[in-house]
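Dumped upload39.pdb below, it's PDB, C-alpha atoms and all ligand atoms:
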ATOM      1  CA  MET G   1       0.419 -72.634  14.500
ATOM      2  CA  LYS G   2      -0.284 -69.248  12.887
ATOM      3  CA  ILE G   3      -1.412 -66.575  15.313
ATOM      4  CA  ILE G   4      -2.321 -62.897  14.947
ATOM      5  CA  MET G   5      -2.280 -60.462  17.853
ATOM      6  CA  LEU G   6      -4.988 -57.796  17.785
ATOM      7  CA  GLY G   7      -5.555 -54.911  20.171
ATOM      8  CA  ALA G   8      -4.914 -51.209  20.641
ATOM      9  CA  PRO G   9      -1.370 -49.883  20.753
ATOM     10  CA  GLY G  10      -0.179 -50.572  24.300
ATOM     11  CA  ALA G  11      -2.661 -53.404  24.914
ATOM     12  CA  GLY G  12       0.185 -55.858  25.495
ATOM     13  CA  LYS G  13       0.505 -57.520  22.060
ATOM     14  CA  GLY G  14       4.316 -57.466  22.051
ATOM     15  CA  THR G  15       4.584 -58.625  25.665
ATOM     16  CA  GLN G  16       2.341 -61.631  25.003
ATOM     17  CA  ALA G  17       3.655 -62.369  21.488
ATOM     18  CA  ILE G  18       7.122 -62.920  22.993
ATOM     19  CA  ASN G  19       5.644 -65.353  25.547
ATOM     20  CA  ILE G  20       3.675 -67.192  22.849
ATOM     21  CA  ALA G  21       6.735 -67.437  20.586
ATOM     22  CA  LYS G  22       8.735 -69.035  23.416
ATOM     23  CA  GLU G  23       5.952 -71.381  24.499
ATOM     24  CA  TYR G  24       5.168 -72.689  20.982
ATOM     25  CA  ASP G  25       8.679 -72.330  19.540
ATOM     26  CA  ILE G  26       7.599 -70.137  16.620
ATOM     27  CA  PRO G  27       9.065 -66.796  15.462
ATOM     28  CA  HIS G  28       7.690 -63.497  16.776
ATOM     29  CA  VAL G  29       7.153 -61.309  13.727
ATOM     30  CA  SER G  30       6.588 -57.661  14.661
ATOM     31  CA  THR G  31       6.185 -55.179  11.796
ATOM     32  CA  GLY G  32       6.961 -52.342  14.248
ATOM     33  CA  ASP G  33      10.266 -54.051  15.187
ATOM     34  CA  ILE G  34      11.123 -54.589  11.502
ATOM     35  CA  PHE G  35      10.491 -50.897  10.758
ATOM     36  CA  ARG G  36      12.524 -49.790  13.810
ATOM     37  CA  ALA G  37      15.450 -52.046  12.801
ATOM     38  CA  ASN G  38      15.352 -50.503   9.305
ATOM     39  CA  ILE G  39      15.315 -46.988  10.756
ATOM     40  CA  LYS G  40      18.301 -47.855  12.945
ATOM     41  CA  ASN G  41      20.193 -49.247   9.955
ATOM     42  CA  GLY G  42      19.330 -46.231   7.773
ATOM     43  CA  THR G  43      17.741 -48.290   4.976
ATOM     44  CA  GLU G  44      15.423 -46.857   2.309
ATOM     45  CA  LEU G  45      12.525 -48.753   3.904
ATOM     46  CA  GLY G  46      13.384 -47.189   7.267
ATOM     47  CA  LYS G  47      13.487 -43.708   5.742
ATOM     48  CA  ALA G  48      10.099 -44.252   4.113
ATOM     49  CA  ALA G  49       8.510 -45.579   7.335
ATOM     50  CA  LYS G  50       9.950 -43.084   9.836
ATOM     51  CA  GLU G  51       7.856 -40.044   8.958
ATOM     52  CA  TYR G  52       4.629 -42.004   9.316
ATOM     53  CA  MET G  53       5.667 -43.656  12.571
ATOM     54  CA  ASP G  54       6.802 -40.385  14.170
ATOM     55  CA  ALA G  55       3.450 -38.836  13.258
ATOM     56  CA  GLY G  56       1.535 -41.765  14.802
ATOM     57  CA  LYS G  57       0.181 -42.751  11.374
ATOM     58  CA  LEU G  58       0.211 -46.134   9.697
ATOM     59  CA  VAL G  59       2.935 -46.865   7.177
ATOM     60  CA  PRO G  60       1.160 -47.246   3.783
ATOM     61  CA  ASP G  61      -0.107 -50.702   2.836
ATOM     62  CA  GLU G  62       2.018 -50.669  -0.367
ATOM     63  CA  ILE G  63       5.150 -50.730   1.798
ATOM     64  CA  THR G  64       3.931 -52.871   4.676
ATOM     65  CA  ILE G  65       2.156 -55.765   2.948
ATOM     66  CA  GLY G  66       5.048 -56.828   0.696
ATOM     67  CA  MET G  67       7.507 -56.562   3.575
ATOM     68  CA  LEU G  68       5.398 -58.837   5.807
ATOM     69  CA  LEU G  69       4.633 -61.390   3.088
ATOM     70  CA  ASP G  70       8.370 -61.650   2.330
ATOM     71  CA  ARG G  71       9.146 -62.138   6.019
ATOM     72  CA  ILE G  72       6.656 -64.979   6.488
ATOM     73  CA  SER G  73       7.996 -66.727   3.380
ATOM     74  CA  GLU G  74      11.320 -67.239   5.133
ATOM     75  CA  GLU G  75      12.390 -70.701   6.255
ATOM     76  CA  ASP G  76      11.923 -70.122  10.009
ATOM     77  CA  CYS G  77       8.214 -69.340   9.438
ATOM     78  CA  LYS G  78       7.358 -72.633   7.781
ATOM     79  CA  ASN G  79       5.860 -74.154  10.961
ATOM     80  CA  GLY G  80       3.984 -71.006  11.951
ATOM     81  CA  TYR G  81       4.515 -67.621  13.585
ATOM     82  CA  VAL G  82       2.941 -65.049  15.817
ATOM     83  CA  LEU G  83       2.222 -61.772  14.024
ATOM     84  CA  ASP G  84       2.393 -58.684  16.228
ATOM     85  CA  GLY G  85       1.222 -55.396  14.690
ATOM     86  CA  PHE G  86       0.064 -56.907  11.385
ATOM     87  CA  PRO G  87      -2.533 -56.743   9.959
ATOM     88  CA  ARG G  88      -3.641 -53.236  10.921
ATOM     89  CA  THR G  89      -5.984 -52.502   7.990
ATOM     90  CA  ILE G  90      -8.619 -54.501   6.113
ATOM     91  CA  PRO G  91      -6.508 -54.533   2.880
ATOM     92  CA  GLN G  92      -3.593 -55.964   4.920
ATOM     93  CA  ALA G  93      -5.861 -58.702   6.346
ATOM     94  CA  GLU G  94      -7.217 -59.514   2.892
ATOM     95  CA  SER G  95      -3.752 -59.673   1.316
ATOM     96  CA  LEU G  96      -2.586 -61.996   4.082
ATOM     97  CA  LYS G  97      -5.639 -64.197   3.628
ATOM     98  CA  ASP G  98      -5.127 -64.367  -0.172
ATOM     99  CA  ALA G  99      -1.431 -65.207   0.185
ATOM    100  CA  LEU G 100      -2.171 -67.963   2.717
ATOM    101  CA  THR G 101      -5.105 -69.376   0.724
ATOM    102  CA  LYS G 102      -2.813 -69.755  -2.313
ATOM    103  CA  ARG G 103      -0.567 -71.972  -0.212
ATOM    104  CA  GLY G 104      -3.514 -73.916   1.283
ATOM    105  CA  GLU G 105      -2.897 -72.312   4.676
ATOM    106  CA  LYS G 106      -4.883 -70.198   7.136
ATOM    107  CA  ILE G 107      -4.609 -68.237  10.362
ATOM    108  CA  ASP G 108      -5.471 -70.470  13.330
ATOM    109  CA  PHE G 109      -6.138 -67.826  15.998
ATOM    110  CA  ALA G 110      -6.594 -64.045  16.135
ATOM    111  CA  VAL G 111      -6.032 -63.110  19.784
ATOM    112  CA  ASP G 112      -7.661 -59.764  20.609
ATOM    113  CA  ILE G 113      -6.297 -58.267  23.840
ATOM    114  CA  GLU G 114      -8.869 -55.838  25.187
ATOM    115  CA  VAL G 115      -7.814 -52.828  27.273
ATOM    116  CA  PRO G 116      -9.912 -49.639  27.619
ATOM    117  CA  ASP G 117      -8.450 -46.412  26.168
ATOM    118  CA  THR G 118      -8.290 -44.894  29.666
ATOM    119  CA  GLU G 119      -5.486 -47.362  30.588
ATOM    120  CA  ILE G 120      -3.539 -47.065  27.351
ATOM    121  CA  THR G 121      -1.787 -43.721  27.897
ATOM    122  CA  ALA G 122      -0.263 -44.809  31.231
ATOM    123  CA  ARG G 123       0.939 -48.031  29.645
ATOM    124  CA  MET G 124       2.562 -46.396  26.657
ATOM    125  CA  THR G 125       4.193 -43.458  28.384
ATOM    126  CA  GLY G 126       5.789 -45.848  30.925
ATOM    127  CA  ARG G 127       6.896 -48.356  28.288
ATOM    128  CA  ARG G 128      10.604 -49.054  27.902
ATOM    129  CA  SER G 129      11.958 -51.369  25.232
ATOM    130  CA  CYS G 130      15.179 -53.137  24.462
ATOM    131  CA  PRO G 131      16.357 -52.298  20.933
ATOM    132  CA  LYS G 132      18.730 -55.290  21.055
ATOM    133  CA  CYS G 133      16.329 -58.188  21.761
ATOM    134  CA  GLY G 134      12.873 -56.562  21.472
ATOM    135  CA  ALA G 135      11.822 -57.194  25.111
ATOM    136  CA  THR G 136       9.299 -54.710  26.508
ATOM    137  CA  TYR G 137       8.958 -53.469  30.088
ATOM    138  CA  HIS G 138       7.016 -50.864  32.032
ATOM    139  CA  ILE G 139       8.537 -48.610  34.684
ATOM    140  CA  LYS G 140       5.633 -49.376  37.059
ATOM    141  CA  PHE G 141       3.707 -52.412  35.811
ATOM    142  CA  ASN G 142       6.583 -54.602  34.628
ATOM    143  CA  PRO G 143       9.899 -53.159  35.853
ATOM    144  CA  THR G 144      13.326 -54.637  35.136
ATOM    145  CA  LYS G 145      15.504 -55.923  38.003
ATOM    146  CA  GLN G 146      18.022 -53.148  37.340
ATOM    147  CA  GLU G 147      16.661 -49.803  36.159
ATOM    148  CA  GLY G 148      17.278 -49.151  32.455
ATOM    149  CA  VAL G 149      18.867 -52.566  31.775
ATOM    150  CA  CYS G 150      17.157 -55.425  29.899
ATOM    151  CA  ASP G 151      16.615 -58.548  32.068
ATOM    152  CA  GLU G 152      16.894 -60.793  29.006
ATOM    153  CA  CYS G 153      20.074 -59.584  27.295
ATOM    154  CA  GLY G 154      21.597 -56.757  29.376
ATOM    155  CA  GLY G 155      20.833 -54.201  26.599
ATOM    156  CA  GLU G 156      20.216 -50.545  27.412
ATOM    157  CA  LEU G 157      16.481 -49.754  27.457
ATOM    158  CA  VAL G 158      15.017 -46.863  25.457
ATOM    159  CA  GLN G 159      11.736 -44.983  25.351
ATOM    160  CA  ARG G 160      10.136 -45.110  21.915
ATOM    161  CA  ALA G 161       9.868 -41.777  20.076
ATOM    162  CA  ASP G 162       6.199 -42.486  19.278
ATOM    163  CA  ASP G 163       5.249 -43.069  22.942
ATOM    164  CA  LYS G 164       4.865 -39.329  23.684
ATOM    165  CA  PRO G 165       1.322 -38.491  24.942
ATOM    166  CA  GLU G 166       0.336 -36.496  21.775
ATOM    167  CA  THR G 167       1.424 -39.322  19.463
ATOM    168  CA  VAL G 168      -0.283 -41.914  21.669
ATOM    169  CA  GLU G 169      -3.601 -40.017  21.225
ATOM    170  CA  LYS G 170      -3.122 -40.009  17.459
ATOM    171  CA  ARG G 171      -2.254 -43.718  17.378
ATOM    172  CA  LEU G 172      -5.335 -44.601  19.407
ATOM    173  CA  HIS G 173      -7.494 -42.645  16.981
ATOM    174  CA  VAL G 174      -5.916 -44.449  14.025
ATOM    175  CA  TYR G 175      -6.460 -47.775  15.823
ATOM    176  CA  HIS G 176     -10.197 -47.181  16.261
ATOM    177  CA  GLU G 177     -10.617 -46.005  12.696
ATOM    178  CA  GLN G 178      -8.489 -48.466  10.737
ATOM    179  CA  THR G 179      -7.592 -51.467  12.888
ATOM    180  CA  GLN G 180     -10.595 -52.172  15.115
ATOM    181  CA  PRO G 181     -12.694 -53.345  12.100
ATOM    182  CA  LEU G 182     -10.355 -56.366  11.966
ATOM    183  CA  ILE G 183     -12.096 -57.751  15.049
ATOM    184  CA  ASP G 184     -15.234 -58.300  12.950
ATOM    185  CA  PHE G 185     -13.153 -59.590  10.051
ATOM    186  CA  TYR G 186     -11.597 -62.363  12.162
ATOM    187  CA  GLU G 187     -14.841 -63.095  13.976
ATOM    188  CA  LYS G 188     -16.375 -63.836  10.567
ATOM    189  CA  GLU G 189     -13.355 -66.037   9.789
ATOM    190  CA  GLY G 190     -14.218 -67.989  12.960
ATOM    191  CA  VAL G 191     -10.785 -67.591  14.583
ATOM    192  CA  LEU G 192     -11.301 -64.686  17.007
ATOM    193  CA  CYS G 193     -10.432 -65.133  20.715
ATOM    194  CA  THR G 194     -11.094 -62.204  23.025
ATOM    195  CA  ILE G 195      -8.849 -61.849  26.063
ATOM    196  CA  ASP G 196      -9.145 -59.448  29.018
ATOM    197  CA  GLY G 197      -5.902 -57.448  28.891
ATOM    198  CA  THR G 198      -6.440 -55.495  32.107
ATOM    199  CA  VAL G 199      -5.108 -58.180  34.459
ATOM    200  CA  ALA G 200      -1.409 -58.846  35.246
ATOM    201  CA  PRO G 201       0.756 -59.926  32.262
ATOM    202  CA  LYS G 202       1.163 -63.497  33.601
ATOM    203  CA  ASP G 203      -2.624 -63.856  33.934
ATOM    204  CA  VAL G 204      -3.165 -62.514  30.421
ATOM    205  CA  PHE G 205      -0.723 -65.174  29.208
ATOM    206  CA  LYS G 206      -2.506 -67.894  31.185
ATOM    207  CA  ALA G 207      -5.816 -66.931  29.547
ATOM    208  CA  ILE G 208      -4.174 -67.005  26.101
ATOM    209  CA  THR G 209      -2.615 -70.457  26.576
ATOM    210  CA  GLU G 210      -5.969 -71.823  27.771
ATOM    211  CA  VAL G 211      -7.567 -70.658  24.536
ATOM    212  CA  LEU G 212      -4.745 -71.858  22.281
ATOM    213  CA  SER G 213      -4.485 -75.351  23.743
TER     214      SER G 213
HETATM  215  P1  LIG Z 301       1.702 -53.393  22.316
HETATM  216  O1  LIG Z 301       2.690 -54.355  21.700
HETATM  217  O2  LIG Z 301       0.285 -53.891  22.220
HETATM  218  O3  LIG Z 301       1.846 -51.992  21.827
HETATM  219  P2  LIG Z 301       3.270 -53.782  24.765
HETATM  220  O4  LIG Z 301       3.338 -55.276  24.898
HETATM  221  O5  LIG Z 301       4.490 -53.086  24.313
HETATM  222  O6  LIG Z 301       1.985 -53.352  23.874
HETATM  223  O7  LIG Z 301       2.777 -53.205  26.179
HETATM  224  C1  LIG Z 301       2.621 -51.791  26.385
HETATM  225  C2  LIG Z 301       3.142 -51.425  27.784
HETATM  226  O8  LIG Z 301       2.260 -51.960  28.780
HETATM  227  C3  LIG Z 301       4.522 -51.979  28.101
HETATM  228  O9  LIG Z 301       5.216 -51.036  28.882
HETATM  229  C4  LIG Z 301       4.240 -53.255  28.873
HETATM  230  O10 LIG Z 301       5.297 -53.584  29.782
HETATM  231  C5  LIG Z 301       2.970 -52.889  29.630
HETATM  232  N1  LIG Z 301       2.060 -54.029  29.815
HETATM  233  C6  LIG Z 301       1.897 -55.103  28.981
HETATM  234  N2  LIG Z 301       0.955 -55.946  29.482
HETATM  235  C7  LIG Z 301       0.513 -55.380  30.638
HETATM  236  C8  LIG Z 301      -0.467 -55.761  31.623
HETATM  237  N3  LIG Z 301      -1.180 -56.890  31.487
HETATM  238  N4  LIG Z 301      -0.652 -54.933  32.682
HETATM  239  C9  LIG Z 301       0.074 -53.783  32.795
HETATM  240  N5  LIG Z 301       0.993 -53.368  31.918
HETATM  241  C10 LIG Z 301       1.216 -54.145  30.851
HETATM  242  P1  LIG Z 302       4.138 -51.045  16.885
HETATM  243  O1  LIG Z 302       5.543 -51.370  17.254
HETATM  244  O2  LIG Z 302       3.346 -52.265  16.479
HETATM  245  O3  LIG Z 302       3.425 -50.231  17.940
HETATM  246  O4  LIG Z 302       4.200 -50.150  15.574
HETATM  247  C1  LIG Z 302       4.826 -48.886  15.594
HETATM  248  C2  LIG Z 302       4.456 -48.101  14.346
HETATM  249  O5  LIG Z 302       4.937 -48.789  13.174
HETATM  250  C3  LIG Z 302       2.965 -47.899  14.093
HETATM  251  O6  LIG Z 302       2.413 -46.798  14.810
HETATM  252  C4  LIG Z 302       2.953 -47.664  12.577
HETATM  253  O7  LIG Z 302       3.391 -46.354  12.245
HETATM  254  C5  LIG Z 302       4.036 -48.653  12.089
HETATM  255  N1  LIG Z 302       3.442 -49.969  11.784
HETATM  256  C6  LIG Z 302       3.697 -51.141  12.431
HETATM  257  N2  LIG Z 302       2.993 -52.131  11.882
HETATM  258  C7  LIG Z 302       2.244 -51.584  10.874
HETATM  259  C8  LIG Z 302       1.292 -52.087   9.960
HETATM  260  N3  LIG Z 302       0.929 -53.379   9.954
HETATM  261  N4  LIG Z 302       0.746 -51.212   9.077
HETATM  262  C9  LIG Z 302       1.089 -49.924   9.061
HETATM  263  N5  LIG Z 302       1.960 -49.375   9.915
HETATM  264  C10 LIG Z 302       2.552 -50.196  10.817
END

Would you mind writing the structure in this file as structure tokens?
Amino acid sequence: MKIIMLGAPGAGKGTQAINIAKEYDIPHVSTGDIFRANIKNGTELGKAAKEYMDAGKLVPDEITIGMLLDRISEEDCKNGYVLDGFPRTIPQAESLKDALTKRGEKIDFAVDIEVPDTEITARMTGRRSCPKCGATYHIKFNPTKQEGVCDECGGELVQRADDKPETVEKRLHVYHEQTQPLIDFYEKEGVLCTIDGTVAPKDVFKAITEVLS
């Protein structure tokens, strides 16, 4: 199964993509996580991506598309994957479609998690993530058992540099301008599923599994 997660930054794409990956035994492919791992390891790709990420902008398509297409060509992706954070622009969606069409493949579901902008800032400023395993929490809405420690792997949680209120505003603006048009794109492809993202994470997941099964 090949699934795309759509939605504003902070809508809950990562939270649900991890659940989907576990449930369907497919890899969770997050372009944001790949960029952050490259930044941590000081690679050239990381250096190129960092300035855009810190400014709340999108990393250019010329960098992002090739990186993602390489990742989904790897062996563990042969039975499907859940893409989290890609595509974010129409050229990214078209490149993905072209690459899949060449292999006789297609996206099965584009899951759009809808959350109004008024809820996004609180979600993102309270977000804490585990750099070791990628798990995501929220200090109020989804707290860990022990403060600052990942429930999954015991890693030390961090606050993302781009989750500051000013950067969140910028990212939301970029989302509406460049990423929201993908909702129409996938509706036309006949694979769009719209999910209410304002309910508790476990209920969002329940709604997603009902649609996918
Ligand atoms: P995205 O990947 O779309 O940027 P995340 O999955 O990282 O979003 O979620 C953003 C923040 O909101 C995190 O702190 C997460 O724990 C929290 N969150 C996720 N889903 C919900 C929900 N349904 N209700 C409340 N908070 C949520
Ligand atoms: P995320 O972890 O999905 O919130 O992504 C964090 C940041 O990484 C974004 O604000 C962008 O700067 C960058 N990024 C992640 N995915 C993409 C993408 N598909 N296209 C461009 N930039 C991306």

Using all atoms listed in the file, find each residue in range 86-132 of chain G having at least one atom no more than 10 Å away from range 152-169 of chain G; report its shortest atom-to-atom pair and that distance in Å (one decimal), rows by chain then rising number, as JSON lines.
{"residue": "G:Asp117", "atom": "CA", "partner": "G:Glu169", "partner_atom": "CA", "distance": 9.4}
{"residue": "G:Ile120", "atom": "CA", "partner": "G:Val168", "partner_atom": "CA", "distance": 8.3}
{"residue": "G:Thr121", "atom": "CA", "partner": "G:Val168", "partner_atom": "CA", "distance": 6.7}
{"residue": "G:Ala122", "atom": "CA", "partner": "G:Pro165", "partner_atom": "CA", "distance": 9.1}
{"residue": "G:Arg123", "atom": "CA", "partner": "G:Asp163", "partner_atom": "CA", "distance": 9.4}
{"residue": "G:Met124", "atom": "CA", "partner": "G:Asp163", "partner_atom": "CA", "distance": 5.7}
{"residue": "G:Thr125", "atom": "CA", "partner": "G:Asp163", "partner_atom": "CA", "distance": 5.6}
{"residue": "G:Gly126", "atom": "CA", "partner": "G:Gln159", "partner_atom": "CA", "distance": 8.2}
{"residue": "G:Arg127", "atom": "CA", "partner": "G:Gln159", "partner_atom": "CA", "distance": 6.6}
{"residue": "G:Arg128", "atom": "CA", "partner": "G:Gln159", "partner_atom": "CA", "distance": 4.9}
{"residue": "G:Ser129", "atom": "CA", "partner": "G:Leu157", "partner_atom": "CA", "distance": 5.3}
{"residue": "G:Cys130", "atom": "CA", "partner": "G:Leu157", "partner_atom": "CA", "distance": 4.7}
{"residue": "G:Pro131", "atom": "CA", "partner": "G:Leu157", "partner_atom": "CA", "distance": 7.0}
{"residue": "G:Lys132", "atom": "CA", "partner": "G:Gly155", "partner_atom": "CA", "distance": 6.0}

Practice prompt. List the residues selected by the PyMOL selection byres (((not hetatm)) within 6 of (chain Z and resi 302)) in the file shown, writing them as a VMD selection string.
Written response: chain G and resid 9 31 to 33 52 to 53 56 to 60 64 85 to 88

Practice prompt. Specify as a list in words each residue included when the PyMOL selection byres (((chain G and resi 176) around 12) and not hetatm) is applied to this file.
Written response: Leu6, Gly7, Ala8, Pro9, Arg88, Thr89, Pro116, Asp117, Glu169, Lys170, Arg171, Leu172, His173, Val174, Tyr175, Glu177, Gln178, Thr179, Gln180, Pro181, Leu182 and Ile183 of chain G

Quick one: axis-aligned box around all listed atoms of range 39-57 of chain G, 8 Å on every side, centre and edge lengths in Å to one decimal, written as lines of an AutoDock Vina configuration file.
center_x = 10.2
center_y = -44.0
center_z = 8.6
size_x = 36.0
size_y = 26.4
size_z = 28.5

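All residues, whether protein, DNA or RNA, that have an atom at most 6 Å from ligand LIG 301 (chain Z) (counting all atoms listed in the file) are Pro9, Gly10, Ala11, Gly12, Lys13, Gly14, Thr15, Arg123, Met124, Gly126, Arg127, Arg128, Thr136, Tyr137, His138, Phe141, Asn142, Gly197, Thr198, Val199, Ala200 and Pro201 of chain G.
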
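Taken over the shown file, the PyMOL selection byres (((chain G and resi 206) around 12) and not hetatm) identifies G:Gln16, G:Asn19, G:Ile20, G:Glu23, G:Ile195, G:Asp196, G:Gly197, G:Val199, G:Ala200, G:Pro201, G:Lys202, G:Asp203, G:Val204, G:Phe205, G:Ala207, G:Ile208, G:Thr209, G:Glu210, G:Val211, G:Leu212, G:Ser213.
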
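CA of Lys2 in chain G lies 12.9 Å from CA of Ser73 in chain G.
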
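Nearest residue to Met1 in chain G, choosing from G:Gly148, G:Gly80, G:Gly104, G:Gly42 and counting only C-alpha atoms: G:Gly80.
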
Worksheet item: Which polymer residues have any atom within 10 Å of an atom of Ile34 in chain G, counting all atoms listed in the file, with same-chain residues fewer than 2 positions away left out, as number ranges by chain?
Response: G: 29-32, 36-40, 45-46, 67-68, 71

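Atom pair CA of Ala21 in chain G / CA of Glu119 in chain G has a distance of 25.5 Å (rounded to one decimal).
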
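Computed from the coordinates, the CA of Ile3 in chain G to CA of Ile72 in chain G distance equals 12.1 Å.
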
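Of the residues listed (G:Pro143, G:Gly190, G:Gly134, G:Gly66), G:Gly134 shows the shortest atom-to-atom separation from Asp84 in chain G; distances use all atoms listed in the file.
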
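Minimum atom-to-atom distances from G:Cys133, G:Arg103, G:Ile18, G:Phe35 to Glu51 in chain G were compared using all atoms listed in the file, and the lowest value belongs to G:Phe35.
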
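For the set G:Lys102, G:Lys22, G:Lys97, G:Lys50, the residue with the smallest atom-to-atom gap to Val82 in chain G is G:Lys22, counting only C-alpha atoms.
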